[in-house]
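A.B. asks: Structure file start.txt, compact mmCIF, C-alpha atoms and all ligand atoms, is pasted below:
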```txt
# COMPACT_ATOMS: atom_id res chain seq x y z
CA MET A 1 0.00 0.00 0.00
CA THR A 2 1.37 3.41 -0.88
CA ALA A 3 1.11 6.48 1.33
CA ALA A 4 -1.93 8.55 0.58
CA SER A 5 -1.14 11.85 -1.10
CA PRO A 6 -4.36 13.81 -1.23
CA ALA A 7 -4.81 16.40 -3.91
CA PRO A 8 -4.63 20.04 -2.84
CA ALA A 9 -7.97 21.24 -1.50
CA ALA A 10 -9.85 23.86 -3.46
CA ALA A 11 -9.87 27.19 -1.65
CA ASP A 12 -13.55 27.01 -0.74
CA SER A 13 -13.76 23.31 0.12
CA PRO A 14 -12.93 22.01 3.59
CA LEU A 15 -9.51 20.46 4.07
CA LEU A 16 -10.71 18.26 6.93
CA GLU A 17 -14.22 16.82 6.89
CA VAL A 18 -15.83 14.53 9.40
CA ALA A 19 -19.27 13.18 8.47
CA GLY A 20 -21.76 11.27 10.57
CA LEU A 21 -19.08 9.87 12.88
CA SER A 22 -20.04 7.42 15.59
CA VAL A 23 -17.35 5.80 17.72
CA HIS A 24 -17.69 3.12 20.38
CA HIS A 25 -15.28 2.04 23.09
CA GLY A 26 -16.67 -1.45 23.61
CA GLN A 27 -20.25 -1.00 24.75
CA LEU A 28 -19.82 2.71 25.37
CA GLN A 29 -20.76 5.07 22.55
CA ALA A 30 -18.33 7.99 22.80
CA LEU A 31 -19.37 9.88 19.63
CA ARG A 32 -22.79 10.13 18.03
CA ASP A 33 -23.28 11.33 14.48
CA VAL A 34 -20.56 14.00 14.65
CA SER A 35 -19.99 16.12 11.53
CA LEU A 36 -17.73 19.10 11.01
CA ALA A 37 -15.70 20.71 8.26
CA VAL A 38 -12.54 22.77 8.71
CA PRO A 39 -11.29 24.87 5.77
CA ALA A 40 -7.56 25.20 5.11
CA GLY A 41 -5.83 27.77 7.28
CA HIS A 42 -8.62 27.92 9.87
CA VAL A 43 -8.55 27.21 13.59
CA HIS A 44 -11.61 25.37 14.90
CA ALA A 45 -12.10 24.49 18.55
CA MET A 46 -13.99 21.69 20.21
CA ILE A 47 -15.13 22.40 23.75
CA GLY A 48 -17.00 20.22 26.23
CA ALA A 49 -16.87 18.77 29.70
CA ASN A 50 -14.82 15.78 30.84
CA GLY A 51 -15.87 12.65 29.00
CA ALA A 52 -17.79 14.51 26.28
CA GLY A 53 -15.81 12.71 23.57
CA LYS A 54 -13.33 15.41 22.52
CA SER A 55 -10.20 13.25 22.67
CA THR A 56 -12.03 10.38 21.01
CA LEU A 57 -12.83 12.69 18.09
CA LEU A 58 -9.22 13.82 17.63
CA ARG A 59 -7.90 10.29 18.04
CA THR A 60 -10.38 9.00 15.48
CA ILE A 61 -9.29 11.66 12.99
CA ALA A 62 -5.68 10.61 13.69
CA GLY A 63 -6.60 6.97 13.07
CA LEU A 64 -6.16 5.71 16.63
CA HIS A 65 -9.82 4.66 16.86
CA LEU A 66 -11.93 3.36 14.02
CA PRO A 67 -15.48 4.66 13.75
CA THR A 68 -18.49 2.39 13.83
CA VAL A 69 -20.18 4.62 11.27
CA GLY A 70 -19.15 7.74 9.38
CA SER A 71 -16.16 9.05 7.49
CA VAL A 72 -13.06 11.24 7.75
CA ARG A 73 -11.90 13.03 4.59
CA LEU A 74 -8.70 14.95 3.99
CA ALA A 75 -8.70 17.27 0.97
CA GLY A 76 -11.65 15.31 -0.40
CA GLN A 77 -10.01 11.90 -0.02
CA ASP A 78 -11.64 9.33 2.24
CA ILE A 79 -9.03 8.33 4.85
CA THR A 80 -11.43 6.60 7.26
CA GLY A 81 -9.68 3.24 7.01
CA LEU A 82 -6.11 4.53 6.77
CA ARG A 83 -3.63 3.44 9.45
CA PRO A 84 -2.32 6.19 11.78
CA GLU A 85 1.16 6.35 10.23
CA ARG A 86 -0.37 6.70 6.78
CA ARG A 87 -2.41 9.62 8.03
CA VAL A 88 0.75 11.30 9.28
CA ALA A 89 2.24 10.84 5.82
CA ALA A 90 -0.99 12.24 4.34
CA GLY A 91 -0.70 15.32 6.54
CA ILE A 92 -2.46 14.79 9.88
CA ALA A 93 -0.49 15.17 13.12
CA LEU A 94 -1.77 14.90 16.68
CA VAL A 95 -0.43 16.56 19.81
CA PRO A 96 -1.95 14.15 22.32
CA GLU A 97 -3.42 14.99 25.69
CA GLY A 98 -0.67 14.75 28.30
CA ARG A 99 2.02 15.27 25.63
CA ARG A 100 3.28 11.67 25.70
CA LEU A 101 6.91 12.43 24.97
CA PHE A 102 9.55 9.73 25.25
CA ALA A 103 10.86 10.78 28.65
CA SER A 104 14.29 9.19 28.36
CA LEU A 105 14.94 10.54 24.84
CA THR A 106 16.40 13.97 24.23
CA VAL A 107 14.45 16.91 22.84
CA GLU A 108 16.00 16.35 19.42
CA GLU A 109 15.31 12.61 19.46
CA ASN A 110 11.66 13.31 20.26
CA LEU A 111 11.50 15.71 17.32
CA GLN A 112 13.12 13.10 15.08
CA VAL A 113 10.41 10.62 16.06
CA GLY A 114 7.87 13.11 14.73
CA ALA A 115 9.81 13.42 11.50
CA THR A 116 9.73 9.67 10.80
CA SER A 117 6.86 9.86 8.30
CA ARG A 118 7.36 13.51 7.45
CA ARG A 119 6.01 15.20 4.36
CA LYS A 120 8.12 17.70 2.50
CA GLY A 121 7.74 21.17 3.91
CA GLN A 122 9.05 24.08 5.90
CA TRP A 123 9.23 22.37 9.31
CA THR A 124 12.82 21.22 9.53
CA LEU A 125 14.44 20.83 12.96
CA GLU A 126 16.08 24.21 12.41
CA ALA A 127 12.71 25.84 11.73
CA ILE A 128 11.32 24.30 14.93
CA TYR A 129 14.32 25.59 16.90
CA ASP A 130 13.70 29.03 15.41
CA LEU A 131 10.06 28.90 16.52
CA PHE A 132 10.91 27.92 20.11
CA GLY A 133 13.91 30.07 20.93
CA TRP A 134 15.14 28.07 23.95
CA MET A 135 15.02 24.67 22.29
CA ARG A 136 18.17 24.69 20.16
CA ASP A 137 20.49 25.10 23.17
CA ARG A 138 18.71 22.36 25.07
CA ARG A 139 18.23 19.89 22.24
CA HIS A 140 20.45 17.28 23.93
CA GLN A 141 18.57 17.42 27.21
CA ARG A 142 16.25 14.54 28.09
CA ALA A 143 12.54 15.33 27.85
CA GLU A 144 11.99 14.23 31.45
CA HIS A 145 14.13 17.15 32.66
CA LEU A 146 11.95 19.80 31.00
CA SER A 147 9.16 21.79 32.61
CA GLY A 148 5.55 21.07 31.63
CA GLY A 149 5.45 24.06 29.29
CA GLU A 150 8.72 23.06 27.65
CA GLN A 151 7.46 19.51 27.21
CA GLN A 152 4.30 20.86 25.57
CA ALA A 153 6.46 22.89 23.18
CA VAL A 154 8.44 19.74 22.29
CA ALA A 155 5.17 17.86 21.73
CA ILE A 156 4.04 20.60 19.34
CA GLY A 157 7.46 20.59 17.67
CA ARG A 158 7.26 16.81 17.26
CA ALA A 159 3.92 17.21 15.45
CA LEU A 160 5.26 20.07 13.29
CA ALA A 161 8.25 17.93 12.34
CA ALA A 162 5.86 15.80 10.28
CA ASN A 163 4.92 18.91 8.24
CA PRO A 164 1.21 18.40 8.74
CA ARG A 165 -1.57 20.05 6.79
CA VAL A 166 -3.89 19.42 9.74
CA LEU A 167 -2.68 19.86 13.31
CA LEU A 168 -4.83 18.27 16.03
CA LEU A 169 -4.19 19.73 19.49
CA ASP A 170 -5.61 17.94 22.53
CA GLU A 171 -5.87 20.03 25.71
CA LEU A 172 -2.73 22.12 25.30
CA SER A 173 -3.45 23.99 28.51
CA LEU A 174 -3.67 20.94 30.76
CA GLY A 175 -1.49 21.35 33.84
CA LEU A 176 0.28 24.47 32.57
CA ALA A 177 0.53 27.91 34.16
CA PRO A 178 -1.71 30.53 32.49
CA VAL A 179 1.28 32.52 31.26
CA VAL A 180 2.70 29.44 29.53
CA VAL A 181 -0.70 28.63 28.03
CA SER A 182 -0.98 32.18 26.65
CA ARG A 183 2.48 31.93 25.10
CA ILE A 184 1.64 28.65 23.40
CA TYR A 185 -1.75 29.86 22.17
CA ALA A 186 -0.20 33.04 20.80
CA MET A 187 1.63 30.91 18.21
CA LEU A 188 -1.48 29.40 16.69
CA PRO A 189 -2.63 32.32 14.49
CA GLU A 190 0.84 32.37 12.92
CA LEU A 191 0.68 28.65 12.16
CA ALA A 192 -2.79 29.07 10.65
CA ALA A 193 -1.60 32.04 8.58
CA SER A 194 1.08 29.76 7.12
CA GLY A 195 -1.77 27.60 5.77
CA MET A 196 -1.97 25.02 8.52
CA THR A 197 -5.43 23.84 9.50
CA ILE A 198 -5.92 23.43 13.24
CA LEU A 199 -8.56 21.54 15.19
CA LEU A 200 -8.07 21.91 18.91
CA VAL A 201 -9.77 20.48 21.93
CA GLU A 202 -9.86 22.68 24.97
CA GLN A 203 -11.60 22.72 28.33
CA ASP A 204 -10.58 26.33 28.86
CA VAL A 205 -13.44 27.92 26.96
CA SER A 206 -12.03 31.46 26.99
CA GLN A 207 -8.86 30.23 25.34
CA ALA A 208 -10.83 28.36 22.67
CA LEU A 209 -13.09 31.34 21.95
CA ALA A 210 -10.12 33.68 21.69
CA VAL A 211 -8.25 31.70 19.06
CA ALA A 212 -10.84 29.86 16.96
CA SER A 213 -12.92 31.07 14.02
CA GLN A 214 -15.49 28.34 14.76
CA VAL A 215 -16.32 26.65 18.02
CA HIS A 216 -18.14 23.33 18.37
CA CYS A 217 -19.48 22.08 21.68
CA LEU A 218 -19.69 18.37 22.44
CA LEU A 219 -22.00 16.99 25.07
CA GLU A 220 -22.17 13.23 25.67
CA GLY A 221 -20.75 12.54 22.24
CA ARG A 222 -23.03 14.86 20.26
CA ILE A 223 -22.37 18.30 18.84
CA THR A 224 -24.79 20.54 20.66
CA LEU A 225 -23.61 23.90 19.30
CA ALA A 226 -21.45 25.22 16.48
CA GLY A 227 -20.74 28.75 15.37
CA SER A 228 -18.39 31.66 15.34
CA PRO A 229 -17.32 33.00 18.75
CA ALA A 230 -18.44 36.44 17.61
CA THR A 231 -22.03 35.29 17.18
CA LEU A 232 -22.48 32.79 20.02
CA THR A 233 -23.73 34.07 23.33
CA GLY A 234 -22.44 32.90 26.67
CA THR A 235 -25.89 31.59 27.55
CA GLN A 236 -25.91 29.46 24.40
CA ILE A 237 -22.47 28.11 25.23
CA GLU A 238 -23.44 27.31 28.80
CA ALA A 239 -26.57 25.51 27.70
CA ALA A 240 -24.68 23.51 25.06
CA TYR A 241 -21.83 22.68 27.46
CA PHE A 242 -24.00 21.46 30.32
CA GLY A 243 -27.12 20.38 28.46
CA VAL A 244 -30.30 22.21 27.63
CA GLY A 245 -31.72 23.91 30.65
CA ALA A 246 -28.69 23.46 32.85
CA GLY A 247 -26.86 26.67 33.52
CA SER A 248 -29.18 28.74 31.32
CA ASN A 249 -30.14 31.02 34.11
CA GLY A 250 -29.51 34.27 32.39
CA SER A 251 -26.11 34.70 33.96
CA GLY A 252 -25.15 36.23 30.64
CA LEU A 253 -21.73 34.92 29.76
CA HIS A 254 -20.54 36.62 26.62
CA ALA A 255 -18.73 34.62 24.02
CA GLY A 256 -15.66 36.19 22.52
CA GLY A 257 -15.20 38.97 24.98
CA PRO A 258 -14.65 39.70 28.59
CA ALA A 259 -17.23 37.70 30.16
CA ALA A 260 -19.89 38.73 32.05
CA ALA A 261 -21.67 38.48 34.88
CA GLY A 262 -22.86 35.45 36.66
CA SER A 263 -22.68 34.63 40.25
CA PRO A 264 -19.61 32.69 41.34
CA GLU A 265 -21.88 29.92 42.65
CA VAL A 266 -23.31 29.26 39.20
CA ASP A 267 -21.61 26.47 37.25
CA GLN A 268 -19.87 27.78 34.19
CA PRO A 269 -17.67 26.19 31.58
CA PRO A 270 -14.09 26.32 32.90
CA GLY A 271 -12.06 29.27 31.82
CA VAL A 272 -14.96 31.57 31.13
CA ARG A 273 -14.01 34.63 33.10
CA THR A 274 -16.53 36.31 35.28
P1 LIG B 1 -11.46 14.51 28.91
O1 LIG B 1 -11.52 15.98 28.85
O2 LIG B 1 -11.70 13.95 30.28
O3 LIG B 1 -10.27 13.91 28.23
P2 LIG B 1 -13.05 13.96 26.55
O4 LIG B 1 -14.14 14.90 26.20
O5 LIG B 1 -11.78 14.07 25.80
O6 LIG B 1 -12.77 14.00 28.10
P3 LIG B 1 -12.98 11.18 25.85
O7 LIG B 1 -11.65 10.97 26.48
O8 LIG B 1 -13.07 11.15 24.38
O9 LIG B 1 -13.66 12.51 26.38
O10 LIG B 1 -13.95 10.06 26.45
C1 LIG B 1 -15.30 9.92 26.02
C2 LIG B 1 -15.89 8.73 26.74
O11 LIG B 1 -15.24 7.54 26.27
C3 LIG B 1 -15.68 8.76 28.24
O12 LIG B 1 -16.82 8.17 28.84
C4 LIG B 1 -14.45 7.89 28.45
O13 LIG B 1 -14.46 7.28 29.74
C5 LIG B 1 -14.62 6.86 27.35
N1 LIG B 1 -13.36 6.35 26.82
C6 LIG B 1 -12.39 7.10 26.25
N2 LIG B 1 -11.37 6.32 25.82
C7 LIG B 1 -11.71 5.04 26.14
C8 LIG B 1 -11.10 3.77 25.95
N3 LIG B 1 -9.92 3.66 25.35
N4 LIG B 1 -11.75 2.68 26.40
C9 LIG B 1 -12.97 2.79 27.01
N5 LIG B 1 -13.62 3.96 27.20
C10 LIG B 1 -13.00 5.07 26.78
```
Let me see whether you can do it: turn the structure in this file into structure tokens.
Ligand code: ATP
C.D. replies:
Amino acid sequence: MTAASPAPAAADSPLLEVAGLSVHHGQLQALRDVSLAVPAGHVHAMIGANGAGKSTLLRTIAGLHLPTVGSVRLAGQDITGLRPERRVAAGIALVPEGRRLFASLTVEENLQVGATSRRKGQWTLEAIYDLFGWMRDRRHQRAEHLSGGEQQAVAIGRALAANPRVLLLDELSLGLAPVVVSRIYAMLPELAASGMTILLVEQDVSQALAVASQVHCLLEGRITLAGSPATLTGTQIEAAYFGVGAGSNGSGLHAGGPAAAGSPEVDQPPGVRT
């Protein structure tokens, strides 16, 4: 079998398309009829509570789970049955939740792992060292001796080393200090401007709203809301995040801006500032 090499996507057609996806983990149905389309050079975010199915979605797109029903297309080509390493070669790279670096390998060796099935492109090791200023000098240090934020940067670098067309980011902010999270998120618009398509999963709703052109909310495996952060209201997001009725008490969270009002006792999606 040869590596898939999808044709370039037309400007107005989505680069990544998921249609009618259902995924089971044994008896448990983690995704139900999930569809979304991400155009080239866009950042889309998937938000939702613990266990909503966000990681399952990214891992299915990366080929680590096979769907029961539905399809994944890259630049119009059906890649639903493609093995994970073939998807990397086709242009899909995942930064997994918890980073999952090889702790005993050096920074550079971790990056080289990411480059194993690399496509041609701009993301050489030198380019990655240019992006993360500190990394070149510490390339021979073992991953286990890095801070959480540095490890996250290496995990992103490892994904970039494959020269992906689609970058899947799972919970970048997990366990990191807010200042580190802000620094990492600040890079994403630049990556998107270079033509990379980004689908990120994030429990920190403010962070997702700030960076994405489209936000999708998952609740118990279903998409309950999708739209641009500029048009969604905080009340809509709360209702979609917790389920219809829950949290829709008029606390008036505002999507895409400094959030609003709401009493501290009221449950709100994490990261929505009050
Ligand atoms: P979190 O933010 O906690 O990571 P999530 O929205 O990413 O949550 P998933 O990790 O996709 O959610 O999990 C969705 C559901 O599938 C949960 O009920 C979870 O317990 C279950 N699940 C996930 N992976 C597996 C697996 N490998 N085997 C069995 N059940 C799983």
A.B. asks: Residues within 6 Å of ligand LIG 1 (chain B), counting only C-alpha atoms and all ligand atoms: report them as an mmCIF file with C-alpha atoms, in the frame of the given file.
C.D. replies:
```cif
data_model
loop_
_atom_site.group_PDB
_atom_site.id
_atom_site.type_symbol
_atom_site.label_atom_id
_atom_site.label_comp_id
_atom_site.auth_asym_id
_atom_site.auth_seq_id
_atom_site.Cartn_x
_atom_site.Cartn_y
_atom_site.Cartn_z
ATOM 1 C CA HIS A 25 -15.280 2.040 23.090
ATOM 2 C CA ALA A 30 -18.330 7.990 22.800
ATOM 3 C CA ALA A 49 -16.870 18.770 29.700
ATOM 4 C CA ASN A 50 -14.820 15.780 30.840
ATOM 5 C CA GLY A 51 -15.870 12.650 29.000
ATOM 6 C CA ALA A 52 -17.790 14.510 26.280
ATOM 7 C CA GLY A 53 -15.810 12.710 23.570
ATOM 8 C CA LYS A 54 -13.330 15.410 22.520
ATOM 9 C CA SER A 55 -10.200 13.250 22.670
ATOM 10 C CA THR A 56 -12.030 10.380 21.010
#
```
A.B. asks: Could you state the separation of atom CA of Pro164 of chain A and atom CA of Ile92 of chain A in Å, given to one decimal place?
C.D. replies: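 If I compute the distance from atom CA of Pro164 of chain A to atom CA of Ile92 of chain A, I get 5.3 Å.
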A.B. asks: Fewer than 5 positions away in the same chain doesn't count, so skip those; otherwise give me all residues within 7 Å of segment 96-105 of chain A, counting all atoms listed in the file, as JSON, numbers by chain.
C.D. replies: {"A": [110, 142, 143, 144, 152, 155, 169, 170, 171]}
A.B. asks: Which residues, written as an NGL selection string, have at least one atom at most 7 Å from Pro67 of chain A, with all atoms listed in the file counted and residues fewer than 4 positions away on the same chain left out?
C.D. replies: :A and (21-23 or 60)
A.B. asks: Restrict the selected residues to C-alpha atoms and save them as a PDB file, keeping the file's coordinate frame.
C.D. replies:
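Result went into selection.pdb, see below:
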```pdb
ATOM      1  CA  LEU A  21     -19.080   9.870  12.880  1.00  0.00           C
ATOM      2  CA  SER A  22     -20.040   7.420  15.590  1.00  0.00           C
ATOM      3  CA  VAL A  23     -17.350   5.800  17.720  1.00  0.00           C
ATOM      4  CA  THR A  60     -10.380   9.000  15.480  1.00  0.00           C
TER       5      THR A  60
END
```
A.B. asks: How far is it from atom CA of Ser228 of chain A to atom CA of Val215 of chain A, in Å with one decimal?
C.D. replies: 6.0 Å
A.B. asks: For segment 113-122 of chain A, work out the shell of residues within 7 Å, counting all atoms listed in the file and skipping chain neighbours fewer than 2 positions away, then give it as a VMD selection string.
C.D. replies: chain A and resid 85 88 to 89 109 to 111 124 158 to 159 161 to 163
A.B. asks: Mind giving me the straight-line distance from atom CA of Met46 of chain A to atom CA of Gly148 of chain A in Å, one decimal?
C.D. replies: 22.6 Å
